[in-house]
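Taking it in order: structure first as structure tokens, then the write-up.
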Amino acid sequence: MQNISREEALKLLNAPERLDNLGKLVQDAREGRLPLPETHEDVNNHIHTTYSFSPYSPTAAVWFSWQSGLCTCGLIDHDSIAGCDEFLKACEIVGIPGTVGMECRASMLDTPFADKKFNNPDQAGMTYLTIHGVPHDKAGALNEYFIPMREKRNVRNRAMVNSINGMLAAFDIHIDFDRDVVSISNYPVGGSITERHISCALANKLLERFPDAKDLISFIKNDMKLPIAPRIEGYLLDAENPHRVYDLIGWIKAELINRFYIPATDELNDFKTIIAHANDIGAIMAYPYLGDVGDSVTGDKRAQKFEDDYLDELFPYLRDVGFHAVSYMPSRNTPAQLTRLRALCDKYEMFRISGEDINQPRQPFVCMAQRAPEFRNLYESTWALIAHENLATGNPERGFFSPESVKKQPDLKKRTLEFAEIGRNMFKDL
């Protein structure tokens with residue numbers, strides 16, 4: 001039996017012929033030429049791909065999900081669901097159920113919480129939303145719906161690149177938006193360009209300018225006069241580190257982005273408009289809980305406060321305006337935060353969706369914290385989500401939150417278990 005390195009697999013699965021390469025790798029694994037992964041109960045509904053920002057194409061995301069032992073995997077990209085067809089084809093090749101959705105941002109200025117920070121470190125009065133369980137026959141329409149938002153976002157993206165260039169002009173560091181940013185995105189084929197793409201372009205320029213990590217760290221500390229966490233400094237000083245660019249992106253997100261970030265305005269829809277559109281296509285709108293951050297587990301967020309001070313007021317508001325679910329990541333929060341969150345979900349009958357926000361190579365696909373007994377319901381809700389997505393494709397009245405389904409089983413927990421059983425039965429022969 002041979003093996004294949006992560007880097008070799010990633011190159012094959014990010015190549016233009018990646019679906020064919022995936023088929024060959026899967027065949028090699030099933031015929032004993034490569035190790036066959038041991039699948040557990042673990043799930044993840046929040047994996048980013050190259051259609052927003054990630055090392056992984058949709059095909060690669062599915063392969064590494066399977067290789068990590070996930071029994072299901074979920075696509076989430078910013079302002080785009082253009083990777084949906086490829087992702088579902090890859091799931092079929094591997095033999096793993098998948099869910100598809102989108103993460104977007106919306107204005108919360110027309111709410112009682114207009115001056116609050118929700119789950120976005122960079123801007124108050126604006127929130128991330130996740131649209132889960134998108135019926136497969138509605139994904140194309142959802143991606144088209146976000147075309148104007150992606151276009152307007154690029155106006156701001158260009159302005160932020162200009163801001164970086166002004167800030168670093170004295171050091172003769174310059175980014176070209178089309179050459180250095182668009183070129184590392186899937187924007188021409190329906191993907192989005194985010195602040196991470198801009199941060200990546202800057203990281204590439206800094207690593208090119210300072211190939212010696214000591215010089216780079218000296219530049220950060222002495223010329224830019226910015227702090228750098230010992231953990232990130234250690235990563236950058238490691239000559240064998242294959243993830244230096246992602247570690248530097250994390251530092252930029254944590255320490256530098258506030259110097260060039262321009263608040264989003266024109267590209268943001270009102271959140272009620274997005275909720276209405278998600279409900280119209282039979283998807284499930286979720287609020288992604290972040291919670292106050294101490295030591296960021298991903299290294300890309302400064303310690304700061306988010307929703308915890310007003311969470312008791314936020315939950316009934318979310319329920320009343322049409323949110324059906326809350327998504328969260330058990331590894332990112334303290335036990336006290338999670339206990340409180342789960343109690344509020346129970347009180348306001350919010351469906352719970354789990355997902356580890358995968359967008360850089362250091363992040364494991366499996367959330368070990370989720371294996372705790374108190375999070376077992378997240379396995380059930382994932383299988384219910386899978387059932388919803390497949391049942392609602394072609395017939396939205398069969399979806400989890402359709403009037404017909406709610407009337408048939410009004411109890412959320414019981415309906416979750418019933419849909420979970422349907423989901424498991426759909427894929428029992430894989």
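By order in the structure tokens, chains are A, B, ...; within a chain, residues start at 1; ligands start at 1, following the order shown.
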Report as a PDB file with all heavy atoms, in the first residue's frame all protein, DNA and RNA residues lying within 7 Å of Ala325 in chain A, evaluated on only C-alpha atoms, omitting residues in the same chain fewer than 6 positions from it.
ATOM      1  N   MET A 285     -32.611  29.785   7.124  1.00  0.00           N
ATOM      2  CA  MET A 285     -31.803  30.929   7.528  1.00  0.00           C
ATOM      3  C   MET A 285     -31.335  30.758   8.968  1.00  0.00           C
ATOM      4  O   MET A 285     -32.139  30.509   9.866  1.00  0.00           O
ATOM      5  CB  MET A 285     -32.620  32.220   7.399  1.00  0.00           C
ATOM      6  CG  MET A 285     -31.903  33.466   7.882  1.00  0.00           C
ATOM      7  SD  MET A 285     -30.398  33.793   6.941  1.00  0.00           S
ATOM      8  CE  MET A 285     -31.113  34.327   5.383  1.00  0.00           C
ATOM      9  N   ALA A 286     -30.034  30.890   9.170  1.00  0.00           N
ATOM     10  CA  ALA A 286     -29.461  30.715  10.504  1.00  0.00           C
ATOM     11  C   ALA A 286     -28.651  31.939  10.910  1.00  0.00           C
ATOM     12  O   ALA A 286     -28.037  32.604  10.063  1.00  0.00           O
ATOM     13  CB  ALA A 286     -28.576  29.470  10.549  1.00  0.00           C
ATOM     14  N   TYR A 287     -28.660  32.203  12.199  1.00  0.00           N
ATOM     15  CA  TYR A 287     -27.789  33.231  12.754  1.00  0.00           C
ATOM     16  C   TYR A 287     -26.524  32.546  13.273  1.00  0.00           C
ATOM     17  O   TYR A 287     -26.600  31.681  14.149  1.00  0.00           O
ATOM     18  CB  TYR A 287     -28.462  33.984  13.902  1.00  0.00           C
ATOM     19  CG  TYR A 287     -27.528  34.979  14.540  1.00  0.00           C
ATOM     20  CD1 TYR A 287     -27.316  36.218  13.959  1.00  0.00           C
ATOM     21  CD2 TYR A 287     -26.802  34.652  15.690  1.00  0.00           C
ATOM     22  CE1 TYR A 287     -26.430  37.126  14.515  1.00  0.00           C
ATOM     23  CE2 TYR A 287     -25.913  35.556  16.256  1.00  0.00           C
ATOM     24  CZ  TYR A 287     -25.727  36.786  15.659  1.00  0.00           C
ATOM     25  OH  TYR A 287     -24.831  37.664  16.210  1.00  0.00           O
ATOM     26  N   MET A 350     -35.117  27.234  18.396  1.00  0.00           N
ATOM     27  CA  MET A 350     -34.221  27.435  17.268  1.00  0.00           C
ATOM     28  C   MET A 350     -33.542  26.115  16.904  1.00  0.00           C
ATOM     29  O   MET A 350     -32.953  25.450  17.757  1.00  0.00           O
ATOM     30  CB  MET A 350     -33.157  28.483  17.605  1.00  0.00           C
ATOM     31  CG  MET A 350     -33.688  29.903  17.715  1.00  0.00           C
ATOM     32  SD  MET A 350     -34.083  30.581  16.092  1.00  0.00           S
ATOM     33  CE  MET A 350     -34.089  32.339  16.472  1.00  0.00           C
ATOM     34  N   PHE A 351     -33.631  25.751  15.645  1.00  0.00           N
ATOM     35  CA  PHE A 351     -32.903  24.616  15.100  1.00  0.00           C
ATOM     36  C   PHE A 351     -31.414  24.908  15.199  1.00  0.00           C
ATOM     37  O   PHE A 351     -30.979  26.040  14.983  1.00  0.00           O
ATOM     38  CB  PHE A 351     -33.317  24.435  13.635  1.00  0.00           C
ATOM     39  CG  PHE A 351     -32.785  23.229  12.941  1.00  0.00           C
ATOM     40  CD1 PHE A 351     -33.154  21.952  13.334  1.00  0.00           C
ATOM     41  CD2 PHE A 351     -31.939  23.373  11.849  1.00  0.00           C
ATOM     42  CE1 PHE A 351     -32.690  20.835  12.652  1.00  0.00           C
ATOM     43  CE2 PHE A 351     -31.465  22.271  11.163  1.00  0.00           C
ATOM     44  CZ  PHE A 351     -31.840  20.995  11.568  1.00  0.00           C
ATOM     45  N   ARG A 352     -30.606  23.903  15.535  1.00  0.00           N
ATOM     46  CA  ARG A 352     -29.167  24.129  15.738  1.00  0.00           C
ATOM     47  C   ARG A 352     -28.361  23.444  14.640  1.00  0.00           C
ATOM     48  O   ARG A 352     -28.563  22.258  14.369  1.00  0.00           O
ATOM     49  CB  ARG A 352     -28.732  23.590  17.091  1.00  0.00           C
ATOM     50  CG  ARG A 352     -29.522  24.161  18.247  1.00  0.00           C
ATOM     51  CD  ARG A 352     -29.100  23.545  19.556  1.00  0.00           C
ATOM     52  NE  ARG A 352     -30.187  23.543  20.519  1.00  0.00           N
ATOM     53  CZ  ARG A 352     -30.133  22.987  21.712  1.00  0.00           C
ATOM     54  NH1 ARG A 352     -29.030  22.375  22.102  1.00  0.00           N
ATOM     55  NH2 ARG A 352     -31.164  23.025  22.519  1.00  0.00           N
TER      56      ARG A 352
END
Query raised in the report: Could you name the residues that touch range 373-379 of chain A at 10 Å or less, counting only C-alpha atoms, but leaving out those on the same chain fewer than 2 positions away, as number ranges by chain?
Result: A: 41-44, 71-72, 327-328, 330, 338-339, 342, 351-355, 369-371, 381-385, 413, 416-417, 420
Go ahead and write the selection's residues with N, CA and C atoms as a PDB file, in the first residue's frame.
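Wrote selection-v4.pdb, looks like this:
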ATOM      1  N   GLU A  41     -18.887   9.434  13.396  1.00  0.00           N
ATOM      2  CA  GLU A  41     -20.163  10.151  13.360  1.00  0.00           C
ATOM      3  C   GLU A  41     -19.985  11.643  13.128  1.00  0.00           C
ATOM      4  N   ASP A  42     -18.754  12.096  13.025  1.00  0.00           N
ATOM      5  CA  ASP A  42     -18.483  13.534  12.960  1.00  0.00           C
ATOM      6  C   ASP A  42     -19.092  14.164  11.711  1.00  0.00           C
ATOM      7  N   VAL A  43     -19.544  15.422  11.885  1.00  0.00           N
ATOM      8  CA  VAL A  43     -20.160  16.186  10.801  1.00  0.00           C
ATOM      9  C   VAL A  43     -19.563  17.588  10.792  1.00  0.00           C
ATOM     10  N   ASN A  44     -19.649  18.237   9.655  1.00  0.00           N
ATOM     11  CA  ASN A  44     -19.209  19.633   9.546  1.00  0.00           C
ATOM     12  C   ASN A  44     -19.998  20.299   8.426  1.00  0.00           C
ATOM     13  N   CYS A  71     -18.583  11.866   8.361  1.00  0.00           N
ATOM     14  CA  CYS A  71     -19.602  11.059   7.682  1.00  0.00           C
ATOM     15  C   CYS A  71     -20.508  11.919   6.809  1.00  0.00           C
ATOM     16  N   THR A  72     -20.461  13.238   6.987  1.00  0.00           N
ATOM     17  CA  THR A  72     -21.146  14.193   6.113  1.00  0.00           C
ATOM     18  C   THR A  72     -20.264  15.433   6.017  1.00  0.00           C
ATOM     19  N   SER A 327     -26.424  28.730  14.086  1.00  0.00           N
ATOM     20  CA  SER A 327     -25.263  27.878  13.825  1.00  0.00           C
ATOM     21  C   SER A 327     -24.143  28.282  14.776  1.00  0.00           C
ATOM     22  N   TYR A 328     -23.380  27.287  15.196  1.00  0.00           N
ATOM     23  CA  TYR A 328     -22.274  27.576  16.109  1.00  0.00           C
ATOM     24  C   TYR A 328     -21.231  26.483  16.036  1.00  0.00           C
ATOM     25  N   PRO A 330     -18.678  24.372  18.487  1.00  0.00           N
ATOM     26  CA  PRO A 330     -18.387  24.088  19.893  1.00  0.00           C
ATOM     27  C   PRO A 330     -16.951  24.338  20.333  1.00  0.00           C
ATOM     28  N   LEU A 338     -21.581  28.215  25.723  1.00  0.00           N
ATOM     29  CA  LEU A 338     -22.354  27.191  25.019  1.00  0.00           C
ATOM     30  C   LEU A 338     -23.574  26.747  25.815  1.00  0.00           C
ATOM     31  N   THR A 339     -23.448  26.659  27.135  1.00  0.00           N
ATOM     32  CA  THR A 339     -24.597  26.300  27.971  1.00  0.00           C
ATOM     33  C   THR A 339     -25.698  27.351  27.838  1.00  0.00           C
ATOM     34  N   ARG A 342     -27.286  27.138  24.229  1.00  0.00           N
ATOM     35  CA  ARG A 342     -28.173  25.991  24.064  1.00  0.00           C
ATOM     36  C   ARG A 342     -29.499  26.215  24.795  1.00  0.00           C
ATOM     37  N   PHE A 351     -33.631  25.751  15.645  1.00  0.00           N
ATOM     38  CA  PHE A 351     -32.903  24.616  15.100  1.00  0.00           C
ATOM     39  C   PHE A 351     -31.414  24.908  15.199  1.00  0.00           C
ATOM     40  N   ARG A 352     -30.606  23.903  15.535  1.00  0.00           N
ATOM     41  CA  ARG A 352     -29.167  24.129  15.738  1.00  0.00           C
ATOM     42  C   ARG A 352     -28.361  23.444  14.640  1.00  0.00           C
ATOM     43  N   ILE A 353     -27.448  24.214  14.071  1.00  0.00           N
ATOM     44  CA  ILE A 353     -26.596  23.700  12.993  1.00  0.00           C
ATOM     45  C   ILE A 353     -25.148  23.889  13.404  1.00  0.00           C
ATOM     46  N   SER A 354     -24.355  22.838  13.268  1.00  0.00           N
ATOM     47  CA  SER A 354     -22.952  22.923  13.666  1.00  0.00           C
ATOM     48  C   SER A 354     -22.063  23.105  12.446  1.00  0.00           C
ATOM     49  N   GLY A 355     -20.872  23.583  12.681  1.00  0.00           N
ATOM     50  CA  GLY A 355     -19.907  23.688  11.595  1.00  0.00           C
ATOM     51  C   GLY A 355     -18.631  24.369  12.043  1.00  0.00           C
ATOM     52  N   ALA A 369     -14.431  18.775  20.122  1.00  0.00           N
ATOM     53  CA  ALA A 369     -15.323  19.259  21.177  1.00  0.00           C
ATOM     54  C   ALA A 369     -16.761  18.834  20.935  1.00  0.00           C
ATOM     55  N   GLN A 370     -17.114  18.641  19.687  1.00  0.00           N
ATOM     56  CA  GLN A 370     -18.483  18.280  19.345  1.00  0.00           C
ATOM     57  C   GLN A 370     -18.817  16.844  19.754  1.00  0.00           C
ATOM     58  N   ARG A 371     -17.804  16.053  20.073  1.00  0.00           N
ATOM     59  CA  ARG A 371     -18.047  14.673  20.480  1.00  0.00           C
ATOM     60  C   ARG A 371     -18.568  14.563  21.915  1.00  0.00           C
ATOM     61  N   SER A 381     -29.294  16.996  13.950  1.00  0.00           N
ATOM     62  CA  SER A 381     -29.737  18.133  13.139  1.00  0.00           C
ATOM     63  C   SER A 381     -29.062  18.136  11.773  1.00  0.00           C
ATOM     64  N   THR A 382     -27.831  17.635  11.698  1.00  0.00           N
ATOM     65  CA  THR A 382     -27.164  17.561  10.394  1.00  0.00           C
ATOM     66  C   THR A 382     -27.865  16.569   9.479  1.00  0.00           C
ATOM     67  N   TRP A 383     -28.218  15.414  10.007  1.00  0.00           N
ATOM     68  CA  TRP A 383     -28.945  14.441   9.186  1.00  0.00           C
ATOM     69  C   TRP A 383     -30.328  14.962   8.828  1.00  0.00           C
ATOM     70  N   ALA A 384     -30.947  15.716   9.721  1.00  0.00           N
ATOM     71  CA  ALA A 384     -32.224  16.342   9.392  1.00  0.00           C
ATOM     72  C   ALA A 384     -32.045  17.370   8.283  1.00  0.00           C
ATOM     73  N   LEU A 385     -30.939  18.108   8.331  1.00  0.00           N
ATOM     74  CA  LEU A 385     -30.631  19.089   7.292  1.00  0.00           C
ATOM     75  C   LEU A 385     -30.454  18.403   5.944  1.00  0.00           C
ATOM     76  N   LYS A 413     -37.981  19.313  18.262  1.00  0.00           N
ATOM     77  CA  LYS A 413     -37.064  18.217  18.573  1.00  0.00           C
ATOM     78  C   LYS A 413     -37.534  16.914  17.947  1.00  0.00           C
ATOM     79  N   THR A 416     -36.976  17.072  14.233  1.00  0.00           N
ATOM     80  CA  THR A 416     -35.551  16.883  13.942  1.00  0.00           C
ATOM     81  C   THR A 416     -35.202  15.398  13.904  1.00  0.00           C
ATOM     82  N   LEU A 417     -35.652  14.639  14.881  1.00  0.00           N
ATOM     83  CA  LEU A 417     -35.357  13.199  14.930  1.00  0.00           C
ATOM     84  C   LEU A 417     -36.006  12.458  13.763  1.00  0.00           C
ATOM     85  N   ALA A 420     -34.045  13.346  10.700  1.00  0.00           N
ATOM     86  CA  ALA A 420     -32.726  12.706  10.773  1.00  0.00           C
ATOM     87  C   ALA A 420     -32.810  11.250  10.350  1.00  0.00           C
TER      88      ALA A 420
END
**Report entry** Residue among A:Lys89, A:Arg209, A:Lys11, A:His132 lying closest to Leu75 in chain A, counting only C-alpha atoms
**Finding:**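 Checking each candidate against Leu75 in chain A, we get A:His132 as the closest.
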Give me, as a tab-separated table, each residue of range 178-242 of chain A that comes within 6 Å of range 247-259 of chain A, together with its shortest interatomic pair and the distance in Å at one decimal, counting only C-alpha atoms, with rows ordered by chain and rising residue number.
residue	atom	partner	partner_atom	distance
A:Ser199	CA	A:Ile249	CA	5.6
A:Cys200	CA	A:Ile249	CA	5.8
A:Ala203	CA	A:Leu248	CA	6.0
Requested in this report: Select from range 194-315 of chain A everything DSSP, run on the backbone, classes as helix (DSSP H, G or I), then give the selection as a count of residues only.
Outcome: 69
Requested in this report: Tell me, as a ChimeraX atom specification, which residues lie within 10 Å of Leu226 in chain A, counting only C-alpha atoms; anything in the same chain fewer than 4 positions away does not count.
Outcome: /A:217,219-222,255-256
Could you please take those selected residues and save all heavy atoms as an mmCIF file, in the first residue's frame?
data_model
loop_
_atom_site.group_PDB
_atom_site.id
_atom_site.type_symbol
_atom_site.label_atom_id
_atom_site.label_comp_id
_atom_site.auth_asym_id
_atom_site.auth_seq_id
_atom_site.Cartn_x
_atom_site.Cartn_y
_atom_site.Cartn_z
ATOM 1 N N ILE A 217 9.573 39.923 10.415
ATOM 2 C CA ILE A 217 9.133 40.225 11.777
ATOM 3 C C ILE A 217 9.682 41.572 12.234
ATOM 4 O O ILE A 217 8.999 42.363 12.888
ATOM 5 C CB ILE A 217 9.548 39.090 12.727
ATOM 6 C CG1 ILE A 217 8.717 37.835 12.394
ATOM 7 C CG2 ILE A 217 9.352 39.491 14.189
ATOM 8 C CD1 ILE A 217 9.215 36.581 13.029
ATOM 9 N N PHE A 219 10.294 44.059 10.250
ATOM 10 C CA PHE A 219 9.499 45.045 9.517
ATOM 11 C C PHE A 219 8.165 45.293 10.225
ATOM 12 O O PHE A 219 7.730 46.437 10.390
ATOM 13 C CB PHE A 219 9.254 44.558 8.083
ATOM 14 C CG PHE A 219 8.335 45.428 7.281
ATOM 15 C CD1 PHE A 219 8.756 46.653 6.796
ATOM 16 C CD2 PHE A 219 7.031 45.019 7.013
ATOM 17 C CE1 PHE A 219 7.902 47.474 6.061
ATOM 18 C CE2 PHE A 219 6.170 45.827 6.289
ATOM 19 C CZ PHE A 219 6.604 47.058 5.802
ATOM 20 N N ILE A 220 7.521 44.205 10.654
ATOM 21 C CA ILE A 220 6.230 44.326 11.338
ATOM 22 C C ILE A 220 6.383 45.109 12.643
ATOM 23 O O ILE A 220 5.620 46.038 12.924
ATOM 24 C CB ILE A 220 5.638 42.926 11.606
ATOM 25 C CG1 ILE A 220 5.185 42.281 10.288
ATOM 26 C CG2 ILE A 220 4.488 43.002 12.597
ATOM 27 C CD1 ILE A 220 4.792 40.823 10.414
ATOM 28 N N LYS A 221 7.377 44.744 13.431
ATOM 29 C CA LYS A 221 7.526 45.335 14.761
ATOM 30 C C LYS A 221 8.134 46.736 14.719
ATOM 31 O O LYS A 221 7.677 47.649 15.432
ATOM 32 C CB LYS A 221 8.393 44.429 15.637
ATOM 33 C CG LYS A 221 7.743 43.111 16.027
ATOM 34 C CD LYS A 221 8.686 42.310 16.916
ATOM 35 C CE LYS A 221 8.054 41.042 17.427
ATOM 36 N NZ LYS A 221 8.971 40.245 18.284
ATOM 37 N N ASN A 222 9.149 46.910 13.899
ATOM 38 C CA ASN A 222 9.917 48.159 13.959
ATOM 39 C C ASN A 222 9.481 49.199 12.941
ATOM 40 O O ASN A 222 9.516 50.403 13.237
ATOM 41 C CB ASN A 222 11.409 47.845 13.762
ATOM 42 C CG ASN A 222 11.935 46.919 14.837
ATOM 43 O OD1 ASN A 222 11.560 47.028 16.002
ATOM 44 N ND2 ASN A 222 12.803 45.983 14.457
ATOM 45 N N GLU A 255 -4.497 42.049 13.220
ATOM 46 C CA GLU A 255 -3.775 43.252 13.646
ATOM 47 C C GLU A 255 -3.739 44.397 12.640
ATOM 48 O O GLU A 255 -3.511 45.543 13.017
ATOM 49 C CB GLU A 255 -2.325 42.885 14.009
ATOM 50 C CG GLU A 255 -2.196 41.845 15.116
ATOM 51 C CD GLU A 255 -2.686 42.344 16.462
ATOM 52 O OE1 GLU A 255 -2.900 43.570 16.611
ATOM 53 O OE2 GLU A 255 -2.881 41.516 17.368
ATOM 54 N N LEU A 256 -3.936 44.111 11.365
ATOM 55 C CA LEU A 256 -3.733 45.149 10.355
ATOM 56 C C LEU A 256 -5.000 45.568 9.644
ATOM 57 O O LEU A 256 -5.118 46.707 9.196
ATOM 58 C CB LEU A 256 -2.694 44.665 9.322
ATOM 59 C CG LEU A 256 -2.237 45.668 8.254
ATOM 60 C CD1 LEU A 256 -1.598 46.898 8.906
ATOM 61 C CD2 LEU A 256 -1.273 45.020 7.285
#
Query raised in the report: Which is closest to Leu341 in chain A among A:Asn143, A:Ser5, A:Leu129, A:Gly291, if we use only C-alpha atoms?
Result: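 Comparing A:Asn143, A:Ser5, A:Leu129, A:Gly291 against Leu341 in chain A, the winner is A:Gly291.
Using only C-alpha atoms, the nearest neighbour of Asn154 in chain A within the list A:Ile175, A:Ala90, A:Val182, A:Ala124 is A:Val182.
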Query raised in the report: Taking only C-alpha atoms into account, which of A:Pro230, A:Pro410, A:Gly98, A:Gly69 comes nearest Ile386 in chain A?
Result: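 Distance minimum relative to Ile386 in chain A lands on A:Gly98.
DSSP, applied to the backbone of this structure, assigns strand (DSSP E) to the following residues of range 7-211 of chain A: Cys73, Gly74, Leu75, Ile76, Asp77, His78, Gly98, Thr99, Val100, Gly101, Met102, Glu103, Cys104, Arg105, Ala106, Ser107, Met126, Thr127, Tyr128, Leu129, Thr130, Ile131 and His132 of chain A.
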For the residues selected in the previous step, produce a file with C-alpha atoms as a tab-separated table (two decimals), in the first residue's frame.
chain	number	residue	atom	x	y	z
A	73	CYS	CA	-19.74	17.51	4.89
A	74	GLY	CA	-21.21	20.91	4.13
A	75	LEU	CA	-20.32	23.61	1.61
A	76	ILE	CA	-20.42	27.25	2.73
A	77	ASP	CA	-18.91	30.11	0.75
A	78	HIS	CA	-19.19	33.88	1.14
A	98	GLY	CA	-23.34	16.68	1.61
A	99	THR	CA	-25.18	19.87	2.42
A	100	VAL	CA	-24.87	23.14	0.55
A	101	GLY	CA	-25.35	26.72	1.66
A	102	MET	CA	-23.98	30.24	1.64
A	103	GLU	CA	-22.63	32.77	4.11
A	104	CYS	CA	-23.45	36.40	3.52
A	105	ARG	CA	-23.58	39.71	5.35
A	106	ALA	CA	-26.56	41.94	5.94
A	107	SER	CA	-27.31	45.34	7.38
A	126	MET	CA	-23.72	44.39	10.20
A	127	THR	CA	-24.10	40.66	10.68
A	128	TYR	CA	-23.06	37.45	9.02
A	129	LEU	CA	-25.92	35.14	8.10
A	130	THR	CA	-25.79	31.54	6.96
A	131	ILE	CA	-28.29	30.15	4.46
A	132	HIS	CA	-28.28	26.38	4.98
